[in-house]
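Following: one structure in structure tokens, then a few remarks.
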Amino acid sequence: MTHHPAGSLLAASGLRKTYGPTTALDGAEFSIHPGEVVAVMGPSGSGKSTLLHCLAGIVPPDAGSITYNGQEMAGLSDTQRSALRRSEFGFVFQFGQLVPELTCVENVALPLRLNGTGRKEAERTALAWMERLEVDDLGAKRPGEVSGGQGQRVAVARALVTGPRVLFADEPTGALDSLNGERVMELLTEAARSTNAAVVLVTHEARVAAYSDREIVVRDGKSRDMERAV
Amino acid sequence: MSIGHTLLGLLESGPRHGYDLKRAFDEKFGHDRPLHYGQVYSTMSRLLKNGLVEVDGIEAGDGPERKRYAITDAGVSDVALWLATPEKPEPYLQSTLYTKVVLALLTHRNAADLLDTQRSEHLRMMRILTDRKRNGDLADQLICDHALFHLEADLRWLELTAARLDKLAEAVTR
């Protein structure tokens, strides 16, 4: 039987995932509430990113249960899972996520355009998000013409533009220096809190994890919720 | 921190009473540990005795007399020397955490649990500092960053130790 904490928006229990002979997840648990920022920590190769990919419905687990908003994810078709990812989830990765041929504002507006929003309205919403992330002056530039820190803020704006209920951030500051990394974290958590979005923050950096409300530690594919452990 | 040198440095901008000195110190450097009046007056008498400050004036009030202190040339040189001398890096070789990990292994307790619990406690403190930094001015940010980087260094050590626990267990129980 699966047990998911009451009121959680996204929850997983007994997750297992193997890649060939390698066990990436071995009974991992997870839960997050709306408006909560949870850091997923652990050494390289511990299964942090696999956990994120399973939670986000990118990779199906071999066993275990994942529920979003009370609904079992395994019961959804591929099309339904894709639709869920597009409308309810936002993603920020370490690098390489902006489309180089598009301007920054077009990049931010892209998820809205894919959901069928008209160009003018999509770009107006995109610019409002870019303003919150302090990069509204970069709208006409292409990703290759902005700094790493600026590009990452554009990526955060793009992740939040559809008003996702869960933001998945995998080492979002991994390619930035301390000052830029901290500013990205400040803006990211502020923006997420103001929209009551839950943030799943995968990081190995303690100063980044310090922006979370609590942390879980993944080691050898097993997770440990430190709030309940202490 | 050398309270004497800090108070001397604060006097460089002009003479002050002991009370003003305490207030300026607390405002700029005493976030968690404000000075006691006793500390201020004992430090000032020592600086006076060593010729680093002089009494610039005495005001009679309702209470005790209030002395106004001024820095001397010798005091200014002393501040300059203190600022120019690097602080000795502290290598923390006698770390309590190290001792606890080794003892946990020697007594066959769960050292990984100990490290996880410690990580959580470090992160709790880092969250408090991060919040304070968010809501504070630039001075707050700098002082919190200093503490945050030190806590982060501890955490990196915790991670490395966690990754080496099996080897460490072999070495200490051999």
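Identifiers for the structure tokens are assigned positionally: chains receive A, B, ... in sequence, residues are indexed from 1 per chain, and ligands are indexed from 1 in the order shown.
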
- Message: Run DSSP on the backbone and tell me which residues of segment 9-212 of chain A come out as strand (DSSP E or B); list them as a ChimeraX atom specification.
- Response: /A:10-19,22-32,37-41,63-68,71-72,89-92,166-170,198-202

Keeping C-alpha atoms, export the residues of the selection given above as an mmCIF file, in the first residue's frame.
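This is the output file out-v4.cif:
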data_model
loop_
_atom_site.group_PDB
_atom_site.id
_atom_site.type_symbol
_atom_site.label_atom_id
_atom_site.label_comp_id
_atom_site.auth_asym_id
_atom_site.auth_seq_id
_atom_site.Cartn_x
_atom_site.Cartn_y
_atom_site.Cartn_z
ATOM 1 C CA LEU A 10 3.136 15.906 -5.438
ATOM 2 C CA ALA A 11 4.092 12.738 -3.590
ATOM 3 C CA ALA A 12 6.018 9.564 -4.295
ATOM 4 C CA SER A 13 6.624 6.376 -2.377
ATOM 5 C CA GLY A 14 8.622 3.216 -2.916
ATOM 6 C CA LEU A 15 10.199 4.525 -6.133
ATOM 7 C CA ARG A 16 12.569 2.131 -7.876
ATOM 8 C CA LYS A 17 14.464 2.736 -11.082
ATOM 9 C CA THR A 18 17.355 0.831 -12.593
ATOM 10 C CA TYR A 19 19.427 1.610 -15.663
ATOM 11 C CA THR A 22 22.824 0.369 -12.013
ATOM 12 C CA THR A 23 20.173 1.005 -9.375
ATOM 13 C CA ALA A 24 19.367 4.726 -9.480
ATOM 14 C CA LEU A 25 16.406 4.693 -7.075
ATOM 15 C CA ASP A 26 15.833 2.071 -4.424
ATOM 16 C CA GLY A 27 12.620 2.811 -2.562
ATOM 17 C CA ALA A 28 12.794 6.625 -2.562
ATOM 18 C CA GLU A 29 10.034 8.704 -0.936
ATOM 19 C CA PHE A 30 9.079 12.317 -1.565
ATOM 20 C CA SER A 31 6.335 14.813 -0.866
ATOM 21 C CA ILE A 32 5.840 18.528 -1.382
ATOM 22 C CA VAL A 37 10.591 24.801 -1.531
ATOM 23 C CA VAL A 38 12.205 21.394 -0.948
ATOM 24 C CA ALA A 39 15.898 20.849 -1.625
ATOM 25 C CA VAL A 40 16.958 17.403 -2.864
ATOM 26 C CA MET A 41 20.559 16.911 -1.802
ATOM 27 C CA ALA A 63 8.025 0.444 -9.383
ATOM 28 C CA GLY A 64 6.401 2.692 -6.821
ATOM 29 C CA SER A 65 3.692 5.304 -6.814
ATOM 30 C CA ILE A 66 3.662 8.975 -7.801
ATOM 31 C CA THR A 67 0.572 11.098 -7.308
ATOM 32 C CA TYR A 68 0.021 14.643 -8.508
ATOM 33 C CA GLN A 71 -4.041 11.479 -9.195
ATOM 34 C CA GLU A 72 -1.835 8.452 -9.860
ATOM 35 C CA PHE A 89 5.089 22.031 -14.372
ATOM 36 C CA GLY A 90 7.991 24.405 -15.050
ATOM 37 C CA PHE A 91 11.628 23.412 -15.545
ATOM 38 C CA VAL A 92 14.984 25.090 -14.983
ATOM 39 C CA VAL A 166 5.419 22.847 -9.496
ATOM 40 C CA LEU A 167 8.782 24.221 -10.548
ATOM 41 C CA PHE A 168 11.536 21.640 -11.040
ATOM 42 C CA ALA A 169 15.015 23.150 -10.787
ATOM 43 C CA ASP A 170 18.014 20.863 -11.383
ATOM 44 C CA ALA A 198 6.030 24.300 -5.109
ATOM 45 C CA VAL A 199 9.734 24.107 -5.967
ATOM 46 C CA VAL A 200 11.705 20.853 -6.209
ATOM 47 C CA LEU A 201 15.283 22.069 -6.030
ATOM 48 C CA VAL A 202 18.021 19.560 -6.840
#

- 10 Å contact set for Asn69 of chain A, only C-alpha atoms, chain neighbours under 4 positions out, as a ChimeraX atom specification: /A:7-11,33,73

For those residues, write C-alpha atoms to a file as a PDB file, in the first residue's frame.
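Saved as part-v3.pdb:
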ATOM      1  CA  GLY A   7      -2.355  17.775   1.580  1.00  0.00           C
ATOM      2  CA  SER A   8       0.706  17.114  -0.547  1.00  0.00           C
ATOM      3  CA  LEU A   9       0.591  18.361  -4.123  1.00  0.00           C
ATOM      4  CA  LEU A  10       3.136  15.906  -5.438  1.00  0.00           C
ATOM      5  CA  ALA A  11       4.092  12.738  -3.590  1.00  0.00           C
ATOM      6  CA  HIS A  33       3.047  20.968  -0.530  1.00  0.00           C
ATOM      7  CA  MET A  73       0.663   9.397 -12.612  1.00  0.00           C
TER       8      MET A  73
END

Give me, as a tab-separated table, the closest atom pair and its distance (Å, one decimal) for every residue of chain A within a cut-off of 7 Å of chain B, counting only C-alpha atoms, rows sorted by chain and rising number.
residue	atom	partner	partner_atom	distance
A:Ala206	CA	B:Glu152	CA	6.0
A:Arg207	CA	B:Glu152	CA	6.7
A:Ala210	CA	B:Arg127	CA	4.7
A:Tyr211	CA	B:Arg127	CA	6.4
A:Met226	CA	B:Ser120	CA	6.5
A:Val230	CA	B:Thr117	CA	6.6

- What does the distance between atom CA of Arg214 of chain A and atom CA of Asn135 of chain B come to in Å, to one decimal place? 19.7 Å

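Using only C-alpha atoms, the smallest distance between any of B:Glu170, B:Leu8, B:Trp82, B:Gly38 and Ala24 of chain B comes from B:Leu8.
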
- Message: Quick one: residues within 12 Å of Val146 of chain A, only C-alpha atoms, excluding same-chain residues fewer than 6 positions away - as a ChimeraX atom specification?
- Response: /A:98,100,103-104,135,137-140,152-155

Can you write out the residues you just picked, keeping all heavy atoms, as a PDB file, in the first residue's frame?
ATOM      1  N   LEU A  98      17.863  27.427 -23.412  1.00  0.00           N
ATOM      2  CA  LEU A  98      17.211  28.443 -24.245  1.00  0.00           C
ATOM      3  C   LEU A  98      17.458  28.116 -25.717  1.00  0.00           C
ATOM      4  O   LEU A  98      18.513  27.597 -26.080  1.00  0.00           O
ATOM      5  CB  LEU A  98      17.765  29.832 -23.911  1.00  0.00           C
ATOM      6  CG  LEU A  98      17.496  30.312 -22.476  1.00  0.00           C
ATOM      7  CD1 LEU A  98      18.205  31.636 -22.212  1.00  0.00           C
ATOM      8  CD2 LEU A  98      16.014  30.431 -22.195  1.00  0.00           C
ATOM      9  N   PRO A 100      18.663  28.985 -29.129  1.00  0.00           N
ATOM     10  CA  PRO A 100      19.605  30.043 -29.520  1.00  0.00           C
ATOM     11  C   PRO A 100      19.092  30.929 -30.661  1.00  0.00           C
ATOM     12  O   PRO A 100      19.468  32.092 -30.755  1.00  0.00           O
ATOM     13  CB  PRO A 100      20.859  29.275 -29.956  1.00  0.00           C
ATOM     14  CG  PRO A 100      20.454  27.861 -30.108  1.00  0.00           C
ATOM     15  CD  PRO A 100      19.231  27.634 -29.286  1.00  0.00           C
ATOM     16  N   THR A 103      14.850  35.200 -29.808  1.00  0.00           N
ATOM     17  CA  THR A 103      15.260  36.250 -28.870  1.00  0.00           C
ATOM     18  C   THR A 103      14.832  35.806 -27.470  1.00  0.00           C
ATOM     19  O   THR A 103      14.076  34.854 -27.310  1.00  0.00           O
ATOM     20  CB  THR A 103      14.551  37.590 -29.187  1.00  0.00           C
ATOM     21  OG1 THR A 103      13.148  37.392 -29.009  1.00  0.00           O
ATOM     22  CG2 THR A 103      14.842  38.055 -30.601  1.00  0.00           C
ATOM     23  N   CYS A 104      15.326  36.566 -26.459  1.00  0.00           N
ATOM     24  CA  CYS A 104      15.012  36.190 -25.082  1.00  0.00           C
ATOM     25  C   CYS A 104      13.511  36.237 -24.823  1.00  0.00           C
ATOM     26  O   CYS A 104      12.952  35.341 -24.200  1.00  0.00           O
ATOM     27  CB  CYS A 104      15.766  37.084 -24.107  1.00  0.00           C
ATOM     28  SG  CYS A 104      17.532  36.697 -24.056  1.00  0.00           S
ATOM     29  N   VAL A 135      15.282  41.190 -16.089  1.00  0.00           N
ATOM     30  CA  VAL A 135      15.951  41.029 -17.381  1.00  0.00           C
ATOM     31  C   VAL A 135      15.069  41.549 -18.523  1.00  0.00           C
ATOM     32  O   VAL A 135      15.241  41.139 -19.676  1.00  0.00           O
ATOM     33  CB  VAL A 135      16.352  39.551 -17.663  1.00  0.00           C
ATOM     34  CG1 VAL A 135      17.571  39.151 -16.867  1.00  0.00           C
ATOM     35  CG2 VAL A 135      15.186  38.598 -17.374  1.00  0.00           C
ATOM     36  N   ASP A 137      15.126  44.256 -20.004  1.00  0.00           N
ATOM     37  CA  ASP A 137      15.848  45.030 -21.022  1.00  0.00           C
ATOM     38  C   ASP A 137      16.548  44.127 -22.042  1.00  0.00           C
ATOM     39  O   ASP A 137      17.162  44.619 -22.987  1.00  0.00           O
ATOM     40  CB  ASP A 137      16.866  45.958 -20.340  1.00  0.00           C
ATOM     41  CG  ASP A 137      17.796  45.214 -19.401  1.00  0.00           C
ATOM     42  OD1 ASP A 137      17.378  44.158 -18.866  1.00  0.00           O
ATOM     43  OD2 ASP A 137      18.940  45.664 -19.210  1.00  0.00           O
ATOM     44  N   LEU A 138      16.462  42.810 -21.852  1.00  0.00           N
ATOM     45  CA  LEU A 138      17.180  41.896 -22.753  1.00  0.00           C
ATOM     46  C   LEU A 138      16.264  41.255 -23.794  1.00  0.00           C
ATOM     47  O   LEU A 138      16.688  40.387 -24.551  1.00  0.00           O
ATOM     48  CB  LEU A 138      17.839  40.763 -21.946  1.00  0.00           C
ATOM     49  CG  LEU A 138      18.788  41.183 -20.837  1.00  0.00           C
ATOM     50  CD1 LEU A 138      19.270  39.955 -20.085  1.00  0.00           C
ATOM     51  CD2 LEU A 138      19.983  41.933 -21.416  1.00  0.00           C
ATOM     52  N   GLY A 139      14.994  41.692 -23.813  1.00  0.00           N
ATOM     53  CA  GLY A 139      13.993  41.048 -24.659  1.00  0.00           C
ATOM     54  C   GLY A 139      14.422  40.794 -26.087  1.00  0.00           C
ATOM     55  O   GLY A 139      14.191  39.717 -26.636  1.00  0.00           O
ATOM     56  N   ALA A 140      15.102  41.771 -26.712  1.00  0.00           N
ATOM     57  CA  ALA A 140      15.414  41.658 -28.136  1.00  0.00           C
ATOM     58  C   ALA A 140      16.722  40.901 -28.395  1.00  0.00           C
ATOM     59  O   ALA A 140      17.061  40.615 -29.545  1.00  0.00           O
ATOM     60  CB  ALA A 140      15.508  43.062 -28.727  1.00  0.00           C
ATOM     61  N   GLN A 152      20.211  32.628 -17.259  1.00  0.00           N
ATOM     62  CA  GLN A 152      19.533  31.768 -16.297  1.00  0.00           C
ATOM     63  C   GLN A 152      18.257  32.443 -15.765  1.00  0.00           C
ATOM     64  O   GLN A 152      17.260  31.795 -15.503  1.00  0.00           O
ATOM     65  CB  GLN A 152      20.499  31.411 -15.160  1.00  0.00           C
ATOM     66  CG  GLN A 152      20.159  30.142 -14.418  1.00  0.00           C
ATOM     67  CD  GLN A 152      20.130  28.899 -15.305  1.00  0.00           C
ATOM     68  OE1 GLN A 152      20.148  28.961 -16.527  1.00  0.00           O
ATOM     69  NE2 GLN A 152      20.053  27.740 -14.687  1.00  0.00           N
ATOM     70  N   ARG A 153      18.290  33.770 -15.632  1.00  0.00           N
ATOM     71  CA  ARG A 153      17.079  34.481 -15.195  1.00  0.00           C
ATOM     72  C   ARG A 153      16.010  34.426 -16.287  1.00  0.00           C
ATOM     73  O   ARG A 153      14.826  34.322 -15.994  1.00  0.00           O
ATOM     74  CB  ARG A 153      17.399  35.942 -14.889  1.00  0.00           C
ATOM     75  CG  ARG A 153      18.244  36.089 -13.648  1.00  0.00           C
ATOM     76  CD  ARG A 153      18.396  37.533 -13.330  1.00  0.00           C
ATOM     77  NE  ARG A 153      19.686  37.796 -12.721  1.00  0.00           N
ATOM     78  CZ  ARG A 153      20.045  38.986 -12.283  1.00  0.00           C
ATOM     79  NH1 ARG A 153      19.237  40.003 -12.408  1.00  0.00           N
ATOM     80  NH2 ARG A 153      21.232  39.148 -11.728  1.00  0.00           N
ATOM     81  N   VAL A 154      16.458  34.506 -17.537  1.00  0.00           N
ATOM     82  CA  VAL A 154      15.516  34.359 -18.657  1.00  0.00           C
ATOM     83  C   VAL A 154      14.883  32.960 -18.588  1.00  0.00           C
ATOM     84  O   VAL A 154      13.670  32.798 -18.746  1.00  0.00           O
ATOM     85  CB  VAL A 154      16.230  34.577 -20.015  1.00  0.00           C
ATOM     86  CG1 VAL A 154      15.305  34.256 -21.180  1.00  0.00           C
ATOM     87  CG2 VAL A 154      16.748  36.012 -20.129  1.00  0.00           C
ATOM     88  N   ALA A 155      15.716  31.953 -18.296  1.00  0.00           N
ATOM     89  CA  ALA A 155      15.213  30.574 -18.210  1.00  0.00           C
ATOM     90  C   ALA A 155      14.210  30.431 -17.065  1.00  0.00           C
ATOM     91  O   ALA A 155      13.211  29.711 -17.194  1.00  0.00           O
ATOM     92  CB  ALA A 155      16.375  29.605 -18.026  1.00  0.00           C
TER      93      ALA A 155
END

- Task: Give me every helix (DSSP H, G or I) residue in segment 8-186 of chain A, going by DSSP on the backbone, as a PyMOL selection string.
- Result: chain A and resi 48-55+73-75+78-88+104-114+119-132+136-138+143-145+148-160+178-186

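If you measure from each of A:Arg158, A:Arg86, A:Gly42, A:Leu187 to Leu110 of chain A using only C-alpha atoms, the closest one turns out to be A:Arg158.
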
- Task: Could you tell me which of A:Asp136, A:Phe95, A:Glu186, A:Pro43 comes closest to Thr161 of chain B if we count only C-alpha atoms?
- Result: A:Pro43

Give me the residues within 9 Å of Tyr37 of chain B as a PDB file with all heavy atoms, in the first residue's frame, counting only C-alpha atoms and dropping any in the same chain fewer than 5 places off.
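So part.pdb came out as:
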ATOM      1  N   GLY B  18      32.124  57.245  26.061  1.00  0.00           N
ATOM      2  CA  GLY B  18      32.070  55.779  26.156  1.00  0.00           C
ATOM      3  C   GLY B  18      30.738  55.238  25.645  1.00  0.00           C
ATOM      4  O   GLY B  18      30.696  54.234  24.926  1.00  0.00           O
ATOM      5  N   TYR B  19      29.653  55.932  25.989  1.00  0.00           N
ATOM      6  CA  TYR B  19      28.333  55.463  25.580  1.00  0.00           C
ATOM      7  C   TYR B  19      28.185  55.477  24.054  1.00  0.00           C
ATOM      8  O   TYR B  19      27.675  54.524  23.458  1.00  0.00           O
ATOM      9  CB  TYR B  19      27.240  56.333  26.224  1.00  0.00           C
ATOM     10  CG  TYR B  19      25.869  55.948  25.756  1.00  0.00           C
ATOM     11  CD1 TYR B  19      25.264  54.784  26.226  1.00  0.00           C
ATOM     12  CD2 TYR B  19      25.185  56.720  24.801  1.00  0.00           C
ATOM     13  CE1 TYR B  19      24.014  54.406  25.779  1.00  0.00           C
ATOM     14  CE2 TYR B  19      23.945  56.339  24.346  1.00  0.00           C
ATOM     15  CZ  TYR B  19      23.349  55.179  24.835  1.00  0.00           C
ATOM     16  OH  TYR B  19      22.120  54.799  24.373  1.00  0.00           O
ATOM     17  N   LYS B  22      30.100  52.573  22.554  1.00  0.00           N
ATOM     18  CA  LYS B  22      29.367  51.294  22.683  1.00  0.00           C
ATOM     19  C   LYS B  22      28.265  51.208  21.616  1.00  0.00           C
ATOM     20  O   LYS B  22      28.107  50.195  20.956  1.00  0.00           O
ATOM     21  CB  LYS B  22      28.749  51.163  24.076  1.00  0.00           C
ATOM     22  CG  LYS B  22      27.799  49.959  24.164  1.00  0.00           C
ATOM     23  CD  LYS B  22      27.026  49.906  25.437  1.00  0.00           C
ATOM     24  CE  LYS B  22      25.730  49.099  25.309  1.00  0.00           C
ATOM     25  NZ  LYS B  22      25.775  47.832  24.614  1.00  0.00           N
ATOM     26  N   SER B  42      36.503  49.281  30.840  1.00  0.00           N
ATOM     27  CA  SER B  42      37.788  48.653  31.165  1.00  0.00           C
ATOM     28  C   SER B  42      38.739  48.756  29.970  1.00  0.00           C
ATOM     29  O   SER B  42      39.944  48.989  30.133  1.00  0.00           O
ATOM     30  CB  SER B  42      37.603  47.204  31.614  1.00  0.00           C
ATOM     31  OG  SER B  42      37.054  46.471  30.547  1.00  0.00           O
TER      32      SER B  42
END

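Among the candidates B:Ile3, B:Leu138, B:Val76, B:Met44, the residue lying nearest to Gly30 of chain B is B:Ile3 (atoms considered: only C-alpha atoms).
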
- Query: Expressed in Å to a single decimal, how great is the separation between atom CA of Glu54 of chain B and atom CA of Asp78 of chain B?
  - Reply: 14.3 Å

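Rounded to one decimal, atom CA of Gly149 of chain A and atom CA of Gln141 of chain B lie 19.7 Å from each other.
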
- Message: Would you pick out the contacts of segment 55-57 of chain B at 9 Å or less, using only C-alpha atoms, so that residues sharing its chain but fewer than 5 positions from it are not included, and give the list as a list of chain:residue names?
- Response: B:Pro15, B:Arg16, B:Leu48, B:Arg66, B:Lys67, B:Arg68, B:Tyr69, B:Ala70, B:Ile71

Would you mind exporting the chosen residues as a CSV table (one decimal), in the first residue's frame, restricted to C-alpha atoms?
chain,number,residue,atom,x,y,z
B,15,PRO,CA,36.3,62.1,19.9
B,16,ARG,CA,33.4,60.2,21.5
B,48,LEU,CA,44.4,55.4,28.3
B,66,ARG,CA,31.1,61.5,31.3
B,67,LYS,CA,34.6,61.3,29.8
B,68,ARG,CA,35.1,62.1,26.1
B,69,TYR,CA,38.0,60.1,24.6
B,70,ALA,CA,40.2,61.1,21.6
B,71,ILE,CA,42.7,58.9,19.8
